[in-house]
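Coordinates as given in query.csv (CSV, C-alpha atoms and all ligand atoms):
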chain,number,residue,atom,x,y,z
A,1,MET,CA,-26.6,-21.3,-19.5
A,2,LEU,CA,-23.8,-20.4,-17.1
A,3,LYS,CA,-22.6,-16.9,-17.5
A,4,LEU,CA,-19.2,-15.6,-16.3
A,5,ASN,CA,-18.6,-12.3,-14.5
A,6,GLU,CA,-17.9,-10.4,-17.7
A,7,ASN,CA,-16.2,-7.7,-15.8
A,8,TYR,CA,-13.2,-10.0,-15.4
A,9,LEU,CA,-13.0,-10.4,-19.1
A,10,LYS,CA,-12.6,-6.7,-19.5
A,11,LEU,CA,-9.4,-6.6,-17.4
A,12,PRO,CA,-6.3,-5.9,-19.4
A,13,GLY,CA,-4.3,-8.6,-17.5
A,14,SER,CA,-1.4,-8.2,-15.2
A,15,TYR,CA,0.6,-6.4,-17.8
A,16,LEU,CA,3.1,-4.6,-15.6
A,17,PHE,CA,4.8,-7.3,-13.5
A,18,ALA,CA,4.3,-10.0,-16.1
A,19,GLU,CA,6.1,-7.8,-18.7
A,20,ILE,CA,8.9,-7.0,-16.2
A,21,ALA,CA,9.3,-10.7,-15.5
A,22,ARG,CA,9.3,-11.5,-19.2
A,23,ARG,CA,11.9,-8.9,-20.1
A,24,THR,CA,14.1,-9.9,-17.1
A,25,ALA,CA,13.9,-13.6,-17.8
A,26,ALA,CA,14.8,-13.0,-21.5
A,27,TYR,CA,17.8,-10.9,-20.5
A,28,SER,CA,18.9,-13.5,-17.9
A,29,ALA,CA,18.6,-16.3,-20.3
A,30,ALA,CA,20.8,-14.5,-22.9
A,31,HIS,CA,23.3,-13.4,-20.3
A,32,PRO,CA,23.5,-16.1,-17.6
A,33,ASP,CA,26.8,-14.7,-16.3
A,34,LYS,CA,25.3,-11.4,-15.2
A,35,ARG,CA,24.1,-10.9,-11.6
A,36,LEU,CA,20.8,-8.9,-11.6
A,37,ILE,CA,19.9,-6.7,-8.6
A,38,ARG,CA,16.1,-6.5,-8.2
A,39,LEU,CA,14.8,-3.2,-6.9
A,40,GLY,CA,11.5,-3.5,-8.7
A,41,ILE,CA,8.9,-5.4,-6.6
A,42,GLY,CA,8.0,-3.9,-3.3
A,43,ASP,CA,8.6,-7.0,-1.2
A,44,VAL,CA,10.8,-7.0,2.0
A,45,THR,CA,14.0,-8.9,2.3
A,46,GLN,CA,14.8,-8.9,6.0
A,47,PRO,CA,13.5,-11.5,8.5
A,48,LEU,CA,10.7,-11.0,11.0
A,49,PRO,CA,11.6,-9.1,14.2
A,50,ALA,CA,12.8,-11.6,16.9
A,51,ALA,CA,10.0,-10.6,19.2
A,52,CYS,CA,7.4,-11.6,16.6
A,53,VAL,CA,9.1,-14.9,16.0
A,54,GLU,CA,9.1,-15.7,19.7
A,55,ALA,CA,5.4,-14.8,20.0
A,56,LEU,CA,4.7,-17.0,17.0
A,57,LYS,CA,6.4,-19.9,18.6
A,58,ARG,CA,4.7,-19.4,21.9
A,59,ALA,CA,1.3,-19.2,20.2
A,60,ALA,CA,2.1,-22.4,18.2
A,61,ASP,CA,2.8,-24.2,21.5
A,62,GLU,CA,-0.6,-22.9,22.8
A,63,MET,CA,-2.3,-24.4,19.8
A,64,GLY,CA,-0.6,-27.8,20.5
A,65,ASP,CA,-2.0,-27.9,24.1
A,66,LYS,CA,-5.6,-28.8,24.7
A,67,SER,CA,-5.9,-26.3,27.6
A,68,THR,CA,-4.8,-23.3,25.5
A,69,PHE,CA,-5.9,-24.4,22.0
A,70,MET,CA,-7.9,-21.8,20.0
A,71,GLY,CA,-10.5,-22.5,17.3
A,72,TYR,CA,-12.3,-19.9,15.3
A,73,GLY,CA,-11.5,-16.4,16.5
A,74,PRO,CA,-13.7,-13.3,16.4
A,75,TYR,CA,-14.4,-12.0,12.9
A,76,GLU,CA,-13.0,-8.6,13.8
A,77,GLY,CA,-9.9,-10.0,15.4
A,78,TYR,CA,-8.8,-10.7,18.9
A,79,GLY,CA,-9.2,-7.9,21.5
A,80,PHE,CA,-5.6,-8.1,22.5
A,81,LEU,CA,-4.4,-7.0,19.1
A,82,ARG,CA,-7.1,-4.4,18.5
A,83,GLU,CA,-6.5,-2.9,21.9
A,84,ALA,CA,-2.7,-2.7,21.2
A,85,ILE,CA,-3.3,-1.1,17.7
A,86,ALA,CA,-5.6,1.5,19.2
A,87,ALA,CA,-3.3,2.3,22.1
A,88,HIS,CA,-0.1,2.5,20.0
A,89,ASP,CA,-1.1,3.5,16.5
A,90,TYR,CA,-3.9,5.9,17.2
A,91,ALA,CA,-4.0,7.3,20.7
A,92,PRO,CA,-0.4,8.8,20.7
A,93,PHE,CA,-1.3,10.7,17.5
A,94,GLY,CA,-4.5,12.2,18.9
A,95,ALA,CA,-6.7,10.0,16.7
A,96,LYS,CA,-9.7,8.9,18.7
A,97,ILE,CA,-10.0,5.4,17.3
A,98,THR,CA,-11.1,2.7,19.7
A,99,ALA,CA,-10.5,-1.1,19.6
A,100,ASP,CA,-14.1,-1.7,18.6
A,101,GLU,CA,-13.7,0.3,15.4
A,102,ILE,CA,-10.8,-1.9,14.2
A,103,PHE,CA,-11.0,-5.1,12.1
A,104,VAL,CA,-7.9,-7.3,12.0
A,105,SER,CA,-7.3,-8.6,8.5
A,106,ASP,CA,-4.9,-10.8,6.6
A,107,GLY,CA,-3.3,-7.7,5.1
A,108,ALA,CA,-4.3,-4.4,3.4
A,109,LYS,CA,-4.6,-5.7,-0.1
A,110,SER,CA,-7.7,-7.9,0.6
A,111,ASP,CA,-9.6,-5.2,2.4
A,112,CYS,CA,-8.7,-2.4,-0.1
A,113,GLY,CA,-10.2,-4.7,-2.7
A,114,ASN,CA,-13.1,-6.2,-0.8
A,115,ILE,CA,-14.4,-3.0,0.8
A,116,GLY,CA,-16.3,-2.4,-2.5
A,117,ASP,CA,-18.7,-5.2,-1.3
A,118,ILE,CA,-20.6,-2.8,0.9
A,119,PHE,CA,-21.0,-0.1,-1.8
A,120,SER,CA,-23.3,0.0,-4.8
A,121,GLU,CA,-22.1,-1.0,-8.2
A,122,ASP,CA,-23.1,2.5,-9.3
A,123,CYS,CA,-20.6,4.3,-7.1
A,124,VAL,CA,-18.2,6.5,-8.9
A,125,VAL,CA,-14.6,5.8,-7.9
A,126,ALA,CA,-11.7,8.2,-7.9
A,127,VAL,CA,-8.0,7.2,-7.8
A,128,CYS,CA,-4.7,9.0,-8.0
A,129,ASP,CA,-2.8,8.5,-11.2
A,130,PRO,CA,-0.2,6.8,-10.9
A,131,VAL,CA,-1.8,4.4,-8.5
A,132,TYR,CA,-1.4,1.0,-6.7
A,133,PRO,CA,-3.3,-1.1,-9.3
A,134,VAL,CA,-5.5,-3.1,-6.8
A,135,TYR,CA,-7.9,-0.2,-6.3
A,136,ILE,CA,-8.8,0.0,-9.9
A,137,ASP,CA,-8.8,-3.7,-10.8
A,138,ALA,CA,-10.9,-4.6,-7.7
A,139,ASN,CA,-13.5,-2.0,-8.8
A,140,ALA,CA,-13.4,-3.2,-12.4
A,141,MET,CA,-14.2,-6.7,-11.2
A,142,SER,CA,-17.3,-5.3,-9.5
A,143,GLY,CA,-18.4,-3.5,-12.6
A,144,ARG,CA,-17.7,0.0,-11.4
A,145,ALA,CA,-14.9,0.9,-13.8
A,146,GLY,CA,-16.8,0.8,-17.1
A,147,ASP,CA,-14.8,-0.1,-20.2
A,148,TYR,CA,-11.0,-0.2,-20.7
A,149,ALA,CA,-9.4,1.5,-23.6
A,150,HIS,CA,-6.1,3.3,-24.2
A,151,GLY,CA,-4.8,2.6,-20.7
A,152,LYS,CA,-7.9,4.1,-18.9
A,153,TRP,CA,-11.3,2.9,-17.6
A,154,SER,CA,-14.3,5.0,-18.8
A,155,ASN,CA,-16.0,5.3,-15.4
A,156,ILE,CA,-13.0,5.9,-13.1
A,157,VAL,CA,-12.1,9.4,-12.1
A,158,TYR,CA,-8.3,9.7,-12.6
A,159,MET,CA,-6.7,12.4,-10.5
A,160,PRO,CA,-3.2,13.1,-12.0
A,161,CYS,CA,-0.3,13.3,-9.5
A,162,THR,CA,2.6,14.9,-11.3
A,163,ALA,CA,5.7,17.0,-10.5
A,164,ASP,CA,3.6,20.1,-11.2
A,165,ASN,CA,1.1,19.4,-8.3
A,166,GLY,CA,3.7,18.0,-6.0
A,167,PHE,CA,2.3,14.5,-6.6
A,168,PHE,CA,-0.8,15.4,-4.6
A,169,PRO,CA,-4.2,15.3,-6.4
A,170,ALA,CA,-6.5,18.3,-6.9
A,171,LEU,CA,-10.1,18.0,-5.8
A,172,PRO,CA,-11.9,16.4,-8.8
A,173,GLU,CA,-14.4,18.2,-11.0
A,174,ARG,CA,-16.8,15.2,-11.1
A,175,THR,CA,-17.8,14.3,-7.6
A,176,PRO,CA,-16.8,10.7,-6.7
A,177,ASP,CA,-18.6,8.5,-4.2
A,178,LEU,CA,-15.4,6.6,-3.2
A,179,ILE,CA,-12.0,8.3,-3.1
A,180,TYR,CA,-8.9,6.2,-2.8
A,181,LEU,CA,-6.0,8.0,-1.2
A,182,CYS,CA,-2.7,6.4,-0.2
A,183,PHE,CA,0.0,8.2,1.8
A,184,PRO,CA,2.9,7.7,2.0
A,185,ASN,CA,2.2,6.9,-1.6
A,186,ASN,CA,3.0,3.9,-3.7
A,187,PRO,CA,4.5,4.5,-6.3
A,188,THR,CA,5.5,8.2,-6.0
A,189,GLY,CA,7.0,7.9,-2.5
A,190,MET,CA,5.4,11.2,-1.4
A,191,ALA,CA,3.8,11.7,2.0
A,192,ALA,CA,0.9,14.1,2.7
A,193,THR,CA,0.7,16.9,5.1
A,194,ALA,CA,-2.3,17.6,7.4
A,195,GLU,CA,-2.9,20.8,5.4
A,196,GLN,CA,-3.1,18.8,2.2
A,197,LEU,CA,-5.5,16.2,3.6
A,198,ARG,CA,-7.9,18.6,5.4
A,199,PRO,CA,-9.6,19.8,2.2
A,200,TRP,CA,-10.3,16.2,1.2
A,201,VAL,CA,-11.9,15.4,4.5
A,202,ASP,CA,-14.0,18.5,4.3
A,203,TYR,CA,-14.9,17.7,0.7
A,204,ALA,CA,-15.9,14.2,1.5
A,205,ASN,CA,-18.1,15.3,4.4
A,206,GLU,CA,-19.7,18.0,2.3
A,207,HIS,CA,-20.5,15.7,-0.7
A,208,GLY,CA,-21.2,12.5,1.2
A,209,SER,CA,-18.2,10.7,-0.3
A,210,VAL,CA,-16.2,8.1,1.5
A,211,ILE,CA,-12.4,8.3,1.6
A,212,LEU,CA,-10.6,4.9,1.4
A,213,TYR,CA,-7.3,5.8,3.0
A,214,ASP,CA,-4.4,3.4,2.5
A,215,ALA,CA,-1.8,3.9,5.2
A,216,ALA,CA,0.2,0.7,4.5
A,217,TYR,CA,3.5,2.7,4.6
A,218,ARG,CA,2.8,4.8,7.7
A,219,ALA,CA,5.8,3.4,9.6
A,220,TYR,CA,8.1,5.1,7.1
A,221,ILE,CA,7.0,8.6,8.0
A,222,SER,CA,10.0,10.2,9.7
A,223,ASP,CA,8.8,13.8,9.8
A,224,PRO,CA,6.9,14.1,13.1
A,225,SER,CA,4.7,16.8,11.7
A,226,LEU,CA,3.2,14.5,9.0
A,227,PRO,CA,-0.1,12.6,9.9
A,228,ARG,CA,0.3,8.8,10.1
A,229,SER,CA,-3.4,8.3,10.0
A,230,ILE,CA,-6.3,10.1,8.2
A,231,TYR,CA,-8.0,10.3,11.7
A,232,GLU,CA,-5.5,12.9,12.7
A,233,ILE,CA,-7.6,15.2,10.5
A,234,PRO,CA,-10.8,16.5,12.3
A,235,GLY,CA,-14.0,15.1,10.8
A,236,ALA,CA,-12.3,12.1,9.2
A,237,GLU,CA,-14.1,9.7,11.5
A,238,GLU,CA,-17.3,10.7,9.7
A,239,CYS,CA,-16.0,10.1,6.1
A,240,ALA,CA,-13.0,7.8,6.1
A,241,ILE,CA,-12.1,4.1,6.2
A,242,GLU,CA,-8.4,3.4,6.8
A,243,PHE,CA,-6.3,0.3,5.7
A,244,CYS,CA,-3.1,-0.6,7.5
A,245,SER,CA,-0.6,-3.4,7.3
A,246,PHE,CA,2.1,-5.1,9.3
A,247,SER,CA,3.7,-6.1,5.9
A,248,LYS,CA,6.1,-3.2,5.5
A,249,THR,CA,6.2,-2.2,9.2
A,250,ALA,CA,7.4,-5.6,10.5
A,251,GLY,CA,8.2,-7.8,7.5
A,252,PHE,CA,4.8,-9.5,7.4
A,253,THR,CA,4.5,-9.8,3.6
A,254,GLY,CA,4.6,-13.6,3.9
A,255,THR,CA,3.1,-13.8,7.4
A,256,ARG,CA,-0.1,-11.8,6.5
A,257,CYS,CA,-1.7,-9.4,9.0
A,258,GLY,CA,-3.2,-5.9,8.8
A,259,TRP,CA,-6.2,-4.0,9.9
A,260,THR,CA,-9.0,-1.8,8.7
A,261,VAL,CA,-10.6,1.0,10.7
A,262,ILE,CA,-14.3,1.9,10.2
A,263,PRO,CA,-15.3,4.5,12.8
A,264,ARG,CA,-18.7,4.1,14.4
A,265,ALA,CA,-19.5,7.7,13.4
A,266,LEU,CA,-19.2,6.8,9.7
A,267,ARG,CA,-22.7,6.4,8.3
A,268,ARG,CA,-24.1,6.7,4.8
A,269,GLY,CA,-27.8,6.5,3.8
A,270,GLY,CA,-28.6,6.2,7.5
A,271,GLU,CA,-26.6,3.0,7.8
A,272,SER,CA,-23.5,2.2,9.8
A,273,LEU,CA,-20.6,1.2,7.6
A,274,TYR,CA,-19.0,-0.6,10.5
A,275,ASP,CA,-22.1,-2.8,10.8
A,276,MET,CA,-22.2,-3.5,7.1
A,277,TRP,CA,-18.5,-4.5,7.0
A,278,MET,CA,-19.0,-6.7,10.1
A,279,ARG,CA,-21.9,-8.4,8.2
A,280,ARG,CA,-19.7,-8.9,5.2
A,281,GLN,CA,-16.7,-10.2,7.2
A,282,SER,CA,-18.8,-12.6,9.3
A,283,THR,CA,-20.1,-14.1,6.1
A,284,LYS,CA,-17.0,-14.2,3.9
A,285,PHE,CA,-14.0,-14.1,6.3
A,286,ASN,CA,-13.2,-16.4,9.3
A,287,GLY,CA,-10.4,-14.3,10.8
A,288,THR,CA,-6.7,-14.1,10.8
A,289,ALA,CA,-4.8,-17.0,12.4
A,290,TYR,CA,-4.4,-16.7,16.2
A,291,VAL,CA,-0.7,-17.3,16.0
A,292,ILE,CA,-0.3,-14.5,13.4
A,293,GLN,CA,-2.3,-12.1,15.6
A,294,ARG,CA,0.0,-13.0,18.5
A,295,ALA,CA,3.1,-12.3,16.3
A,296,ALA,CA,1.6,-9.0,15.3
A,297,GLU,CA,0.8,-8.0,18.9
A,298,ALA,CA,4.6,-8.5,19.7
A,299,VAL,CA,5.3,-5.4,17.4
A,300,TYR,CA,3.9,-3.3,20.3
A,301,THR,CA,6.1,-4.7,23.1
A,302,PRO,CA,9.1,-2.6,24.1
A,303,GLU,CA,11.6,-5.0,22.4
A,304,GLY,CA,9.3,-5.5,19.4
A,305,GLY,CA,9.0,-1.8,19.0
A,306,GLU,CA,12.8,-1.4,19.1
A,307,GLN,CA,13.3,-4.2,16.5
A,308,VAL,CA,10.6,-2.7,14.2
A,309,ARG,CA,12.3,0.7,14.4
A,310,ALA,CA,15.6,-0.9,13.5
A,311,LEU,CA,14.0,-2.7,10.5
A,312,VAL,CA,12.4,0.4,9.2
A,313,GLY,CA,15.7,2.3,9.8
A,314,TYR,CA,17.5,-0.3,7.7
A,315,TYR,CA,15.2,0.2,4.7
A,316,MET,CA,15.2,4.0,5.2
A,317,ASN,CA,19.0,3.9,5.0
A,318,ASN,CA,18.6,2.2,1.7
A,319,ALA,CA,16.2,4.8,0.6
A,320,ARG,CA,18.7,7.5,1.5
A,321,VAL,CA,21.5,5.8,-0.4
A,322,ILE,CA,19.2,5.5,-3.5
A,323,ARG,CA,17.9,9.1,-3.2
A,324,GLU,CA,21.3,10.7,-2.6
A,325,GLY,CA,23.1,8.6,-5.2
A,326,LEU,CA,20.5,9.4,-7.9
A,327,GLU,CA,20.5,13.1,-7.0
A,328,ARG,CA,24.3,13.2,-7.3
A,329,ALA,CA,23.9,11.7,-10.7
A,330,GLY,CA,21.8,14.7,-11.7
A,331,LEU,CA,18.4,13.0,-11.8
A,332,GLU,CA,15.1,14.5,-10.7
A,333,VAL,CA,14.3,12.4,-7.6
A,334,TYR,CA,11.2,12.3,-5.4
A,335,GLY,CA,10.2,10.3,-2.3
A,336,GLY,CA,12.5,8.2,-0.2
A,337,THR,CA,12.4,10.5,2.9
A,338,ASP,CA,9.1,9.5,4.4
A,339,SER,CA,8.5,6.4,2.3
A,340,PRO,CA,10.4,3.3,1.1
A,341,TYR,CA,9.8,4.2,-2.6
A,342,ILE,CA,12.0,6.5,-4.8
A,343,TRP,CA,10.4,7.9,-7.9
A,344,PHE,CA,12.6,9.5,-10.5
A,345,ARG,CA,12.3,11.0,-13.9
A,346,ALA,CA,14.1,9.1,-16.7
A,347,PRO,CA,16.8,11.4,-18.1
A,348,ASP,CA,16.6,13.1,-21.5
A,349,GLY,CA,12.9,12.6,-21.9
A,350,GLN,CA,13.2,8.8,-22.2
A,351,GLY,CA,10.1,6.7,-21.7
A,352,SER,CA,9.6,4.5,-18.7
A,353,TRP,CA,10.1,1.2,-20.6
A,354,GLU,CA,13.0,2.6,-22.6
A,355,PHE,CA,14.9,3.5,-19.5
A,356,PHE,CA,13.8,0.3,-17.7
A,357,ASP,CA,15.5,-1.6,-20.6
A,358,ARG,CA,18.6,0.5,-20.3
A,359,LEU,CA,18.9,-0.1,-16.6
A,360,LEU,CA,18.2,-3.8,-17.1
A,361,THR,CA,20.8,-4.4,-19.9
A,362,GLU,CA,23.5,-1.8,-19.0
A,363,ALA,CA,23.3,-1.7,-15.2
A,364,ASN,CA,21.7,-5.2,-14.6
A,365,VAL,CA,19.3,-3.5,-12.2
A,366,VAL,CA,15.6,-4.4,-12.3
A,367,THR,CA,13.3,-1.5,-11.7
A,368,THR,CA,9.6,-0.7,-12.2
A,369,PRO,CA,8.6,1.5,-15.1
A,370,GLY,CA,6.2,4.3,-13.8
A,371,GLU,CA,3.9,3.9,-16.8
A,372,GLY,CA,2.7,0.6,-15.3
A,373,PHE,CA,1.0,2.5,-12.5
A,374,GLY,CA,-1.0,4.7,-14.8
A,375,PRO,CA,-0.6,7.2,-17.6
A,376,SER,CA,0.8,10.0,-15.4
A,377,GLY,CA,3.6,7.6,-14.5
A,378,GLU,CA,5.1,7.7,-18.0
A,379,GLY,CA,8.6,8.9,-18.0
A,380,PHE,CA,9.2,7.8,-14.4
A,381,ILE,CA,10.9,4.9,-12.7
A,382,ARG,CA,10.2,3.4,-9.2
A,383,LEU,CA,12.9,1.9,-7.1
A,384,THR,CA,12.2,0.2,-3.7
A,385,ALA,CA,14.3,0.5,-0.6
A,386,PHE,CA,13.3,-3.0,0.5
A,387,GLY,CA,16.5,-4.7,-0.9
A,388,ASP,CA,19.6,-5.9,0.8
A,389,ALA,CA,21.8,-2.9,1.9
A,390,ASP,CA,24.9,-4.1,0.0
A,391,ASP,CA,22.9,-4.9,-3.2
A,392,THR,CA,21.2,-1.5,-2.9
A,393,ARG,CA,24.6,0.4,-2.7
A,394,GLU,CA,25.9,-1.6,-5.7
A,395,ALA,CA,22.7,-1.0,-7.7
A,396,VAL,CA,23.0,2.7,-7.2
A,397,GLU,CA,26.7,2.7,-8.3
A,398,ARG,CA,25.8,0.7,-11.4
A,399,VAL,CA,23.0,3.1,-12.3
A,400,ARG,CA,25.3,6.1,-11.8
A,401,ALA,CA,27.9,4.4,-14.0
A,402,VAL,CA,25.3,4.1,-16.8
A,403,LEU,CA,24.4,7.7,-16.5
B,1,LIG,N1,-1.4,-1.0,-0.2
B,1,LIG,C1,-0.3,-0.5,-0.9
B,1,LIG,C2,-0.3,0.9,-1.3
B,1,LIG,C3,0.7,-1.4,-1.2
B,1,LIG,O1,1.7,-1.0,-1.9
B,1,LIG,C4,0.6,-2.8,-0.8
B,1,LIG,C5,1.7,-3.7,-1.1
B,1,LIG,O2,2.6,-3.6,-1.8
B,1,LIG,C6,-0.5,-3.2,-0.1
B,1,LIG,C7,-1.5,-2.2,0.2
B,1,LIG,C8,-0.7,-4.6,0.4
B,1,LIG,O3,-0.3,-4.8,1.6
B,1,LIG,P1,-0.5,-6.2,2.3
B,1,LIG,O4,0.7,-6.9,2.2
B,1,LIG,O5,-0.9,-5.8,3.8
B,1,LIG,O6,-1.7,-6.9,1.7

Conversion result in structure tokens:
Amino acid sequence: MLKLNENYLKLPGSYLFAEIARRTAAYSAAHPDKRLIRLGIGDVTQPLPAACVEALKRAADEMGDKSTFMGYGPYEGYGFLREAIAAHDYAPFGAKITADEIFVSDGAKSDCGNIGDIFSEDCVVAVCDPVYPVYIDANAMSGRAGDYAHGKWSNIVYMPCTADNGFFPALPERTPDLIYLCFPNNPTGMAATAEQLRPWVDYANEHGSVILYDAAYRAYISDPSLPRSIYEIPGAEECAIEFCSFSKTAGFTGTRCGWTVIPRALRRGGESLYDMWMRRQSTKFNGTAYVIQRAAEAVYTPEGGEQVRALVGYYMNNARVIREGLERAGLEVYGGTDSPYIWFRAPDGQGSWEFFDRLLTEANVVTTPGEGFGPSGEGFIRLTAFGDADDTREAVERVRAVL
């Protein structure tokens, strides 16, 4: 008899965003005259940079001409994009990553989730708490998480990131095989220093663990002393895989392009993880569309670079408006200086959902309750800087008025 993957049946369901949508819809239905401002979901609102749009159109024309038409591309992505990524996103920061260690993808989410394919079901996985839920759910689907009860999975190592430890995890007591780290962090908005990351690289090399480093928000780092890539830390090329994305850098959330780095020096059990991932990709993935890779390449042209900086600057100005506005209101605010997320403590000991409801009904601002990202997120709220600038200013004024 057919059996289902029972690991899926253990999943608690998409509680967070479904519940936000439910409460928001119920409020809207009861108050159709109220204009809600949504600073909850981390999706961008500004259009693609003009250089990317131009490249996309040129590539579309190539596809319509027999002499320049492209069929299946290389599984690891076209050389033109991998070379551009290596030259612009690694070499200038002293990270010795070459084009033949890069896999172009359709975004960071798929690779963060699918990377588990090359590791045993028995691997112990560690995540920060609070956390981007994909890391946990993807491992739960593969049977690595154990059982779910009271908001936690029995086999996952949760590493609390709280105000007390500066939202940076301590090395865990139980040694994990796979360690997900994400900086700048979603949801806390905190970036990591090289001094903070170095012990993790040393730990992973010493214990044979692999760090799965999510750098989807690297473009938002404004402090030049902060590492944009884990490979700025010596030894990381022997213990870390890095996931990156054009989604938040260049507005590609709907266009879909990212990349994953697996250095050739990264080996476990005598095997090359690059070779294993190549084997996986060549079986289950047929590449990112040529036109999209051309659009992504345009990010690295002089005009594309300028447009991307302007785009990131636009969102970072929103982040500043949110951060300063909430601080002036007397709130305890984190993030928003090297990241597009602002993480703040609900006042007077209120719970995440309680304060979410107050902001929804009294300020008509949709936020994300921190508890939805893990137990250590309770009592916090996440706001995103990806909204429209005028809406963001108004939302902050409305929140301040409530307080
Ligand atoms: N990683 C983190 C931490 C994210 O917050 C997100 C999206 O919100 C992603 C990855 C997904 O990025 P992509 O759009 O490239 O799939």

Query raised in the report: Using all atoms listed in the file, which of A:Gln281, A:Asn185, A:Asn165, A:Ser229 sits nearest ligand LIG 1 (chain B)?
Result: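 Of A:Gln281, A:Asn185, A:Asn165, A:Ser229, the one nearest ligand LIG 1 (chain B), counting all atoms listed in the file, is A:Asn185.
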
Query raised in the report: So how many Å separate CA of Leu171 (chain A) and CA of Trp200 (chain A), to one decimal?
Result: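 Rounded to one decimal, the two atoms are 7.2 Å apart.
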
Query raised in the report: Nearest to Pro74 (chain A) among A:Tyr8, A:Tyr290, A:Phe373, A:Tyr334, with distances taken over all atoms listed in the file: which residue is it?
Result: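 Of A:Tyr8, A:Tyr290, A:Phe373, A:Tyr334, the one nearest Pro74 (chain A), counting all atoms listed in the file, is A:Tyr290.
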
Query raised in the report: Between A:Pro224, A:Ile97, A:Pro160, A:Gly151, which has the minimum distance to Ala240 (chain A) (counting only C-alpha atoms)?
Result: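 Ranked by minimum distance to Ala240 (chain A), first place goes to A:Ile97.
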
Query raised in the report: ligand LIG 1 (chain B): which residues are within 8 Å, counting all atoms listed in the file, as a PyMOL selection string?
Result: chain A and resi 42-43+106-110+112+132+182-183+185-187+214-217+243-248+252-254+256-258

Query raised in the report: Which distance in Å separates CA of Tyr220 (chain A) and CA of His88 (chain A), to one decimal?
Result: 15.5 Å

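CA of Gly143 (chain A) lies 25.0 Å from CA of Val261 (chain A).
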
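Comparing the minimum interatomic distances between Arg323 (chain A) and each of A:Leu39, A:Leu81, A:Met276, A:Val396, counting all atoms listed in the file, we find that A:Val396 sits nearest.
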
Report task. Give me the residues within 12 Å of Tyr203 (chain A) as a PyMOL selection string, counting only C-alpha atoms and dropping any in the same chain fewer than 5 places off. Result -> chain A and resi 170-173+175-179+196-198+208-211+235-236+238-240

Query raised in the report: With only C-alpha atoms as the basis for distance, which of A:Ala25, A:Leu403, A:Val333, A:Val291 is at the shortest distance from Asp61 (chain A)?
Result: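 Closest to Asp61 (chain A), using only C-alpha atoms: A:Val291.
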
Requested in this report: Measuring atom to atom with all atoms listed in the file, identify which of A:Lys10, A:Arg358, A:His207, A:Arg328 is nearest to Ser154 (chain A).
Outcome: A:Lys10
